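What follows is the content of data37.txt, which has compact mmCIF, C-alpha atoms:
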```
# COMPACT_ATOMS: atom_id res chain seq x y z
CA MET A 1001 -5.67 -61.44 -19.15
CA LYS A 1002 -5.27 -63.95 -21.93
CA PHE A 1003 -7.44 -64.15 -25.02
CA ILE A 1004 -6.75 -66.23 -28.12
CA TYR A 1005 -6.59 -64.38 -31.43
CA SER A 1006 -5.36 -65.10 -34.92
CA PHE A 1007 -5.70 -63.07 -38.10
CA LEU A 1008 -4.84 -62.89 -41.77
CA LEU A 1009 -4.63 -66.69 -41.86
CA THR A 1010 -6.95 -69.51 -42.74
CA VAL A 1011 -7.17 -71.65 -39.61
CA SER A 1012 -8.55 -75.19 -39.65
CA PHE A 1013 -10.59 -76.50 -36.74
CA SER A 1014 -11.36 -80.09 -35.87
CA LEU A 1015 -14.96 -80.76 -34.94
CA SER A 1016 -16.48 -82.09 -31.78
CA SER A 1017 -17.55 -85.72 -31.68
CA GLU A 1018 -21.05 -84.55 -32.65
CA GLY A 1019 -19.67 -83.15 -35.90
CA PHE A 1020 -20.17 -79.41 -35.42
CA TYR A 1021 -18.30 -76.25 -34.46
CA ARG A 1022 -20.01 -74.23 -31.71
CA LEU A 1023 -19.96 -70.43 -31.62
CA GLY A 1024 -21.56 -68.62 -28.68
CA LEU A 1025 -23.00 -65.10 -28.91
CA GLY A 1026 -23.79 -62.42 -26.40
CA SER A 1027 -24.08 -58.69 -25.80
CA CYS A 1028 -25.10 -56.20 -23.14
CA HIS A 1029 -22.99 -57.32 -20.18
CA ASP A 1030 -22.96 -55.04 -17.15
CA GLN A 1031 -19.76 -55.76 -15.28
CA ASP A 1032 -21.29 -54.61 -11.97
CA MET A 1033 -24.25 -57.02 -12.07
CA GLU A 1034 -24.46 -60.72 -11.33
CA ILE A 1035 -24.44 -63.00 -14.36
CA SER A 1036 -25.64 -66.60 -14.48
CA ALA A 1037 -24.87 -67.08 -18.16
CA TRP A 1038 -21.12 -67.58 -17.66
CA GLU A 1039 -21.62 -70.90 -15.89
CA SER A 1040 -24.16 -72.02 -18.51
CA LEU A 1041 -21.84 -71.05 -21.35
CA LYS A 1042 -19.03 -73.00 -19.73
CA LYS A 1043 -21.22 -76.10 -19.98
CA GLU A 1044 -21.92 -75.44 -23.68
CA ASN A 1045 -18.40 -76.58 -24.64
CA LEU A 1046 -17.89 -73.64 -26.98
CA ASP A 1047 -15.22 -73.47 -29.65
CA SER A 1048 -15.44 -69.68 -29.70
CA PHE A 1049 -17.52 -66.78 -28.40
CA PHE A 1050 -18.50 -63.50 -30.07
CA PHE A 1051 -19.04 -60.41 -27.92
CA LEU A 1052 -21.42 -58.22 -29.93
CA GLY A 1053 -21.01 -54.94 -28.09
CA ASP A 1054 -21.93 -53.29 -24.80
CA ASN A 1055 -19.44 -55.78 -23.44
CA VAL A 1056 -19.04 -53.47 -20.45
CA TYR A 1057 -21.04 -50.43 -19.38
CA GLY A 1058 -18.56 -47.58 -19.08
CA ASP A 1059 -20.25 -44.54 -20.61
CA ILE A 1060 -21.21 -41.28 -18.92
CA PRO A 1061 -22.91 -38.22 -20.49
CA SER A 1062 -19.67 -36.21 -20.68
CA GLY A 1063 -17.89 -39.02 -22.53
CA GLU A 1064 -14.98 -38.96 -20.07
CA LEU A 1065 -13.19 -42.31 -19.90
CA GLY A 1066 -12.78 -42.88 -16.17
CA LYS A 1067 -15.84 -45.09 -15.83
CA LEU A 1068 -14.89 -47.10 -18.93
CA ILE A 1069 -11.40 -47.73 -17.53
CA ASN A 1070 -12.91 -48.92 -14.25
CA ALA A 1071 -15.48 -51.06 -16.08
CA TYR A 1072 -12.78 -52.91 -17.96
CA GLU A 1073 -10.83 -53.44 -14.74
CA THR A 1074 -13.89 -54.91 -13.01
CA PHE A 1075 -14.54 -57.23 -15.94
CA LYS A 1076 -10.90 -58.28 -15.94
CA GLN A 1077 -11.11 -59.25 -12.28
CA ASN A 1078 -14.34 -61.21 -12.71
CA LYS A 1079 -13.91 -62.87 -16.09
CA PRO A 1080 -14.53 -66.63 -16.16
CA GLN A 1081 -11.62 -68.99 -16.67
CA TRP A 1082 -13.10 -70.53 -19.82
CA PHE A 1083 -12.42 -67.27 -21.68
CA ASN A 1084 -8.78 -68.37 -21.70
CA GLU A 1085 -9.57 -71.69 -23.35
CA ILE A 1086 -11.46 -70.60 -26.48
CA GLU A 1087 -11.18 -68.05 -29.27
CA ILE A 1088 -12.83 -64.71 -28.57
CA PHE A 1089 -14.21 -62.39 -31.27
CA THR A 1090 -15.41 -58.94 -30.31
CA ILE A 1091 -16.84 -55.65 -31.54
CA TRP A 1092 -18.08 -52.70 -29.50
CA ASP A 1093 -21.32 -50.78 -29.18
CA ASP A 1094 -22.08 -47.47 -27.53
CA HIS A 1095 -21.67 -48.37 -23.85
CA ASP A 1096 -18.15 -49.75 -24.35
CA TYR A 1097 -17.38 -47.08 -26.96
CA GLY A 1098 -17.79 -44.44 -24.26
CA MET A 1099 -20.88 -42.45 -25.21
CA ASN A 1100 -24.53 -43.53 -25.17
CA ASP A 1101 -25.66 -43.78 -28.81
CA GLY A 1102 -22.30 -42.23 -29.73
CA GLY A 1103 -20.97 -41.90 -33.25
CA GLY A 1104 -18.17 -40.38 -35.26
CA ASP A 1105 -18.13 -37.10 -33.36
CA TYR A 1106 -17.21 -38.74 -30.03
CA LYS A 1107 -14.17 -36.79 -28.86
CA TYR A 1108 -12.45 -39.66 -27.05
CA LYS A 1109 -12.83 -42.34 -29.70
CA VAL A 1110 -9.09 -42.68 -30.34
CA GLU A 1111 -8.41 -43.23 -26.65
CA SER A 1112 -11.40 -45.58 -26.38
CA GLN A 1113 -10.08 -47.73 -29.22
CA LYS A 1114 -6.78 -48.12 -27.39
CA LEU A 1115 -8.62 -49.23 -24.25
CA PHE A 1116 -10.59 -51.74 -26.33
CA ASN A 1117 -7.49 -53.11 -28.02
CA ASP A 1118 -5.58 -53.40 -24.76
CA PHE A 1119 -8.40 -55.08 -22.85
CA TRP A 1120 -9.07 -57.65 -25.56
CA ASN A 1121 -5.35 -58.26 -26.15
CA ILE A 1122 -5.55 -57.41 -29.84
CA PRO A 1123 -2.11 -58.35 -31.26
CA GLN A 1124 0.28 -55.46 -31.84
CA ASN A 1125 0.52 -56.21 -35.58
CA ASP A 1126 -3.26 -56.46 -36.04
CA PRO A 1127 -4.69 -53.64 -38.24
CA ARG A 1128 -6.93 -52.60 -35.35
CA ARG A 1129 -3.80 -51.36 -33.59
CA TYR A 1130 -2.85 -48.81 -36.25
CA ARG A 1131 -6.02 -48.03 -38.19
CA GLU A 1132 -9.14 -46.13 -37.18
CA GLY A 1133 -12.00 -48.39 -36.10
CA ILE A 1134 -12.24 -51.89 -34.58
CA TYR A 1135 -13.58 -53.71 -37.66
CA PHE A 1136 -11.89 -56.99 -38.63
CA SER A 1137 -12.09 -60.07 -40.84
CA GLU A 1138 -11.08 -63.68 -40.17
CA LEU A 1139 -11.24 -66.75 -42.43
CA ARG A 1140 -11.77 -70.16 -40.85
CA ASP A 1141 -11.77 -73.65 -42.36
CA ILE A 1142 -14.49 -75.50 -40.46
CA ASN A 1143 -15.55 -78.98 -41.57
CA ASN A 1144 -14.41 -78.30 -45.15
CA LEU A 1145 -16.36 -75.04 -45.18
CA LYS A 1146 -14.63 -71.71 -45.69
CA VAL A 1147 -16.24 -69.54 -43.03
CA LEU A 1148 -15.64 -65.79 -43.32
CA ILE A 1149 -16.18 -63.94 -40.04
CA ILE A 1150 -16.46 -60.16 -40.28
CA GLY A 1151 -16.92 -57.70 -37.43
CA LEU A 1152 -18.13 -54.20 -38.33
CA ASP A 1153 -17.62 -50.94 -36.45
CA THR A 1154 -20.93 -49.08 -36.35
CA ARG A 1155 -19.64 -46.29 -34.06
CA TYR A 1156 -16.32 -44.77 -35.08
CA PHE A 1157 -17.45 -43.29 -38.40
CA ARG A 1158 -21.21 -42.97 -37.94
CA SER A 1159 -23.00 -39.75 -38.86
CA ASN A 1160 -25.20 -37.96 -36.35
CA LEU A 1161 -28.61 -39.39 -35.50
CA ASP A 1162 -31.84 -37.46 -36.04
CA LYS A 1163 -34.30 -37.66 -33.16
CA LYS A 1164 -37.81 -36.40 -32.40
CA ASN A 1165 -39.97 -37.05 -29.33
CA GLY A 1166 -37.61 -39.73 -28.07
CA ALA A 1167 -37.56 -41.73 -31.30
CA TYR A 1168 -34.85 -41.85 -33.92
CA LEU A 1169 -35.76 -40.66 -37.40
CA GLN A 1170 -34.40 -41.75 -40.74
CA ASN A 1171 -31.41 -39.79 -41.98
CA LYS A 1172 -31.84 -39.96 -45.74
CA SER A 1173 -28.93 -37.71 -46.64
CA GLU A 1174 -26.69 -39.17 -49.33
CA GLU A 1175 -23.70 -38.18 -47.20
CA ALA A 1176 -24.98 -39.90 -44.05
CA THR A 1177 -23.00 -43.01 -43.15
CA ILE A 1178 -22.67 -45.78 -40.60
CA LEU A 1179 -19.43 -47.40 -41.74
CA GLY A 1180 -17.60 -44.51 -43.34
CA GLU A 1181 -15.81 -44.52 -46.69
CA GLN A 1182 -12.71 -46.39 -45.53
CA GLN A 1183 -14.62 -49.22 -43.87
CA TRP A 1184 -17.00 -49.56 -46.82
CA SER A 1185 -14.09 -49.93 -49.22
CA TRP A 1186 -12.52 -52.53 -46.94
CA LEU A 1187 -15.79 -54.48 -46.59
CA GLN A 1188 -16.38 -54.63 -50.33
CA LYS A 1189 -12.95 -56.22 -50.74
CA GLN A 1190 -13.38 -58.64 -47.85
CA VAL A 1191 -16.57 -60.24 -49.14
CA GLU A 1192 -14.77 -61.05 -52.39
CA VAL A 1193 -12.61 -63.55 -50.48
CA GLU A 1194 -13.68 -67.08 -51.44
CA HIS A 1195 -16.01 -68.46 -48.76
CA ASP A 1196 -19.00 -70.74 -48.25
CA LEU A 1197 -20.51 -69.04 -45.22
CA LEU A 1198 -20.38 -65.41 -44.14
CA ILE A 1199 -21.03 -64.53 -40.51
CA ILE A 1200 -21.10 -60.74 -40.31
CA ALA A 1201 -21.41 -58.97 -36.96
CA THR A 1202 -22.89 -55.53 -36.43
CA SER A 1203 -23.67 -54.13 -33.01
CA ILE A 1204 -27.00 -52.65 -34.14
CA GLN A 1205 -29.75 -54.48 -36.03
CA VAL A 1206 -29.86 -54.56 -39.82
CA LEU A 1207 -33.16 -56.23 -40.72
CA ALA A 1208 -35.53 -54.91 -38.04
CA THR A 1209 -37.20 -51.64 -39.05
CA GLU A 1210 -40.19 -51.09 -36.76
CA HIS A 1211 -38.75 -50.21 -33.33
CA ARG A 1212 -37.74 -46.66 -32.35
CA PHE A 1213 -34.18 -47.35 -31.23
CA GLU A 1214 -30.84 -47.49 -33.03
CA LYS A 1215 -30.78 -49.61 -36.19
CA TRP A 1216 -29.43 -49.58 -39.72
CA SER A 1217 -32.88 -48.47 -40.90
CA ASN A 1218 -32.18 -45.05 -39.37
CA PHE A 1219 -29.75 -44.67 -42.28
CA PRO A 1220 -31.83 -46.23 -45.08
CA ASN A 1221 -29.26 -45.65 -47.81
CA GLU A 1222 -26.61 -47.46 -45.77
CA ARG A 1223 -28.96 -50.35 -45.02
CA GLU A 1224 -29.87 -50.73 -48.69
CA LYS A 1225 -26.21 -50.60 -49.68
CA LEU A 1226 -25.32 -53.34 -47.19
CA LEU A 1227 -28.21 -55.62 -48.17
CA ASN A 1228 -27.43 -55.17 -51.87
CA LEU A 1229 -23.83 -56.16 -51.19
CA LEU A 1230 -24.85 -59.25 -49.22
CA ASN A 1231 -27.54 -60.30 -51.70
CA ARG A 1232 -24.98 -60.43 -54.49
CA LEU A 1233 -23.00 -63.14 -52.71
CA ASP A 1234 -23.31 -66.81 -53.61
CA SER A 1235 -22.57 -67.86 -50.03
CA ASN A 1236 -24.89 -68.31 -47.08
CA VAL A 1237 -25.13 -65.08 -45.07
CA LEU A 1238 -25.89 -64.84 -41.35
CA ILE A 1239 -25.92 -61.41 -39.70
CA ILE A 1240 -25.36 -61.39 -35.94
CA SER A 1241 -26.21 -58.37 -33.79
CA GLY A 1242 -26.78 -57.24 -30.20
CA ASP A 1243 -27.81 -53.97 -28.51
CA ARG A 1244 -31.55 -54.52 -28.08
CA HIS A 1245 -31.88 -56.19 -24.66
CA ARG A 1246 -33.94 -58.84 -26.43
CA SER A 1247 -33.09 -61.70 -28.75
CA GLY A 1248 -34.79 -62.71 -31.97
CA VAL A 1249 -34.29 -64.21 -35.42
CA TYR A 1250 -35.14 -62.25 -38.57
CA GLN A 1251 -35.17 -63.14 -42.26
CA LYS A 1252 -35.24 -61.16 -45.50
CA ASP A 1253 -35.04 -63.28 -48.63
CA GLU A 1254 -32.08 -65.63 -48.02
CA ILE A 1255 -30.40 -63.42 -45.41
CA TYR A 1256 -30.90 -64.29 -41.74
CA GLU A 1257 -30.16 -62.12 -38.72
CA PHE A 1258 -29.64 -63.49 -35.22
CA THR A 1259 -29.89 -60.82 -32.52
CA SER A 1260 -28.48 -61.96 -29.17
CA SER A 1261 -29.10 -59.65 -26.20
CA SER A 1262 -28.74 -59.34 -23.29
CA LEU A 1263 -26.40 -61.39 -21.13
CA ASN A 1264 -27.45 -59.79 -17.83
CA VAL A 1265 -29.29 -56.51 -18.54
CA GLY A 1266 -32.78 -57.66 -19.49
CA ILE A 1267 -34.68 -54.40 -18.99
CA PHE A 1268 -37.39 -54.18 -21.69
CA PRO A 1269 -40.15 -56.68 -20.83
CA GLN A 1270 -42.74 -55.40 -23.30
CA SER A 1271 -43.48 -57.43 -26.43
CA GLU A 1272 -42.18 -56.40 -29.83
CA THR A 1273 -42.82 -57.47 -33.39
CA ASP A 1274 -41.48 -56.75 -36.85
CA LYS A 1275 -42.51 -57.85 -40.32
CA LEU A 1276 -39.16 -59.64 -40.75
CA LEU A 1277 -39.23 -61.33 -37.32
CA LYS A 1278 -39.58 -65.10 -37.66
CA GLY A 1279 -40.80 -65.97 -34.17
CA LYS A 1280 -40.84 -63.92 -30.97
CA THR A 1281 -38.38 -61.66 -29.21
CA TYR A 1282 -37.09 -62.66 -25.78
CA PRO A 1283 -36.30 -59.87 -23.30
CA GLU A 1284 -35.06 -62.11 -20.47
CA ASN A 1285 -31.34 -62.67 -19.96
CA ASN A 1286 -30.08 -64.94 -22.72
CA TYR A 1287 -27.30 -65.92 -25.08
CA GLY A 1288 -27.03 -67.37 -28.58
CA ILE A 1289 -25.58 -70.59 -29.94
CA ILE A 1290 -24.60 -71.24 -33.57
CA ASP A 1291 -23.67 -74.82 -34.43
CA ILE A 1292 -21.89 -75.09 -37.78
CA TYR A 1293 -22.28 -78.46 -39.47
CA GLN A 1294 -21.05 -79.37 -42.93
CA THR A 1295 -24.54 -79.07 -44.44
CA LYS A 1296 -26.46 -76.79 -42.08
CA LEU A 1297 -26.43 -74.17 -39.35
CA GLU A 1298 -28.42 -74.67 -36.19
CA ILE A 1299 -29.10 -71.45 -34.30
CA SER A 1300 -30.59 -71.37 -30.81
CA ILE A 1301 -31.70 -68.68 -28.39
CA LYS A 1302 -31.15 -69.93 -24.84
CA ASN A 1303 -32.00 -68.33 -21.53
CA GLU A 1304 -29.33 -67.92 -18.88
CA ASN A 1305 -30.15 -71.39 -17.51
CA MET A 1306 -29.54 -73.14 -20.88
CA SER A 1307 -33.22 -73.67 -21.76
CA VAL A 1308 -33.90 -73.36 -25.51
CA LEU A 1309 -36.32 -70.51 -26.24
CA GLU A 1310 -36.23 -70.73 -30.04
CA ASN A 1311 -34.32 -72.82 -32.56
CA TYR A 1312 -33.88 -72.81 -36.36
CA ILE A 1313 -32.11 -74.95 -38.93
CA ILE A 1314 -30.58 -73.12 -41.92
CA PRO A 1315 -29.41 -75.39 -44.78
CA ILE A 1316 -26.03 -74.54 -46.26
CA LYS A 1317 -26.20 -74.07 -50.02
```
Go ahead and render the structure in this file as structure tokens.
Amino acid sequence: MKFIYSFLLTVSFSLSSEGFYRLGLGSCHDQDMEISAWESLKKENLDSFFFLGDNVYGDIPSGELGKLINAYETFKQNKPQWFNEIEIFTIWDDHDYGMNDGGGDYKYKVESQKLFNDFWNIPQNDPRRYREGIYFSELRDINNLKVLIIGLDTRYFRSNLDKKNGAYLQNKSEEATILGEQQWSWLQKQVEVEHDLLIIATSIQVLATEHRFEKWSNFPNEREKLLNLLNRLDSNVLIISGDRHRSGVYQKDEIYEFTSSSLNVGIFPQSETDKLLKGKTYPENNYGIIDIYQTKLEISIKNENMSVLENYIIPIK
């Protein structure tokens, strides 16, 4: 299984004839279900693709890893050829971490990280091979823009969730964390790297606050800390996330969030709103497209048959 990776380098990319770099997004891929999006994404002529978590469904209540191992093997056998032709970025969420809604107390997280690294062919000298957690940072030179791409790990270090009557409650403890001390320290250093555009990936949503599922708002101190860090930057900031089995675009001040979910597990048909939601949410199978031009971003939610469901232009400062 071949995937293309590079790290700790600034890599320059030539643009398509239309003058943009195209990044695809997706999450929530069940390896045992049919998926129409792969053929559509092949036609999108992507430069890269970002898997935003739940890239396979391999969790069971006990946390044992047998199903996860089999899930990766099934995905390996059925992966599309175009994966080999573009750059792949990836983070995990709970179902490919190994425990539904799992966090830092998951007993097989070390073994799960090795499975993740091996499946995605993370290079042997990449920090993800010898440090706890699958977070990473890459710097790209795209059309004279310095694009900083960061992937966060919202599982490995996360404190326990509080829950009541099927809904998650806010954990307001000062000690409660999503990223953990080590990852926070790393992130604060990474965003100091000179860049024009930051694309920061988190498996769970940052801006949305009104649904009852997993989100940064369940740890309000962590959410505030992250938004304060991002608001201090002079660059454009685009958060990308998955998890929700619905796509949508959110905005708070100058920070945008593009949630892309799910690739083939569209299971929540009911409508949903949020005070920071710009348009609608789309529960049908879908994927995301980010076109990076020199002066703007164009972000699009598309269904599995390539039809545009929602589209926004974000000027680059």
Polymer residues at most 7 Å from segment 1223-1235 of chain A, only C-alpha atoms, same-chain spacing of 2 or more positions, as a list in words: His1195, Asp1196, Leu1197, Leu1198, Val1206, Trp1216, Ser1217, Phe1219, Pro1220, Asn1221 and Val1237 of chain A
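The neighbours of segment 1059-1062 of chain A here are the residues that come within 6 Å of it, using only C-alpha atoms and leaving out any residue fewer than 6 positions away in the same chain; they are His1095, Gly1098 and Met1099 of chain A.
Proximity of A:Thr1295, A:Ser1036, A:Thr1281, A:Thr1090 to Ile1142 of chain A, computed with all atoms listed in the file, is greatest for A:Thr1295.
Take the candidates A:Val1265, A:Arg1140, A:Trp1092, A:Phe1083 and check each one against Val1193 of chain A using only C-alpha atoms; the shortest distance goes to A:Arg1140.
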message: Taking 3 positions as the minimum chain separation for residues in the same chain, which residues sit within 6 Å of segment 1147-1159 of chain A when counting all atoms listed in the file? Answer as a PyMOL selection string.
response: chain A and resi 1103-1104+1133-1140+1176-1180+1195+1197-1202
Could you give me, as a short mmCIF file (atom, residue, chain, number, x, y, z; two decimals) with C-alpha atoms, in the coordinates of the input, the residues within 12 Å of Pro1315 of chain A, counting only C-alpha atoms and dropping anything in the same chain fewer than 4 positions from it?
```cif
data_model
loop_
_atom_site.label_atom_id
_atom_site.label_comp_id
_atom_site.auth_asym_id
_atom_site.auth_seq_id
_atom_site.Cartn_x
_atom_site.Cartn_y
_atom_site.Cartn_z
CA ASP A 1196 -19.00 -70.74 -48.25
CA LEU A 1197 -20.51 -69.04 -45.22
CA SER A 1235 -22.57 -67.86 -50.03
CA ASN A 1236 -24.89 -68.31 -47.08
CA VAL A 1237 -25.13 -65.08 -45.07
CA LEU A 1238 -25.89 -64.84 -41.35
CA GLU A 1254 -32.08 -65.63 -48.02
CA TYR A 1256 -30.90 -64.29 -41.74
CA ASP A 1291 -23.67 -74.82 -34.43
CA ILE A 1292 -21.89 -75.09 -37.78
CA TYR A 1293 -22.28 -78.46 -39.47
CA GLN A 1294 -21.05 -79.37 -42.93
CA THR A 1295 -24.54 -79.07 -44.44
CA LYS A 1296 -26.46 -76.79 -42.08
CA LEU A 1297 -26.43 -74.17 -39.35
CA GLU A 1298 -28.42 -74.67 -36.19
CA ILE A 1299 -29.10 -71.45 -34.30
#
```
field: All residues 8 Å or closer to Tyr1287 of chain A, all atoms listed in the file, same chain fewer than 2 positions away omitted, as a list in words
entry: Gly1024, Leu1025, Gly1026, Ser1027, Ala1037, Ser1260, Ser1261, Ser1262, Leu1263, Asn1285, Ile1289, Ile1301, Lys1302, Asn1303 and Glu1304 of chain A
query: So which one's closest to Asn1264 of chain A, A:Pro1127, A:Pro1283, A:Gly1063, A:Gly1166? Using all atoms listed in the file, please.
result: A:Pro1283
query: Please, what distance in Å, to one decimal, runs between atom CA of Arg1246 of chain A and atom CA of Ser1271 of chain A?
result: 9.6 Å
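One finds atom CA of Ile1091 of chain A at 25.3 Å from atom CA of Val1308 of chain A.
Of the residues listed (A:Arg1212, A:Ile1204, A:Tyr1057, A:Arg1244), A:Arg1244 shows the shortest atom-to-atom separation from Ile1267 of chain A; distances use all atoms listed in the file.
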task: Could you check how far atom CA of Leu1046 of chain A sits from atom CA of Tyr1021 of chain A, in Å to one decimal?
output: 7.9 Å
message: Restricting the calculation to all atoms listed in the file: of A:Asn1045, A:Gln1113, A:Ser1203, A:Asn1084, which residue gets closest to Ile1069 of chain A?
response: A:Gln1113
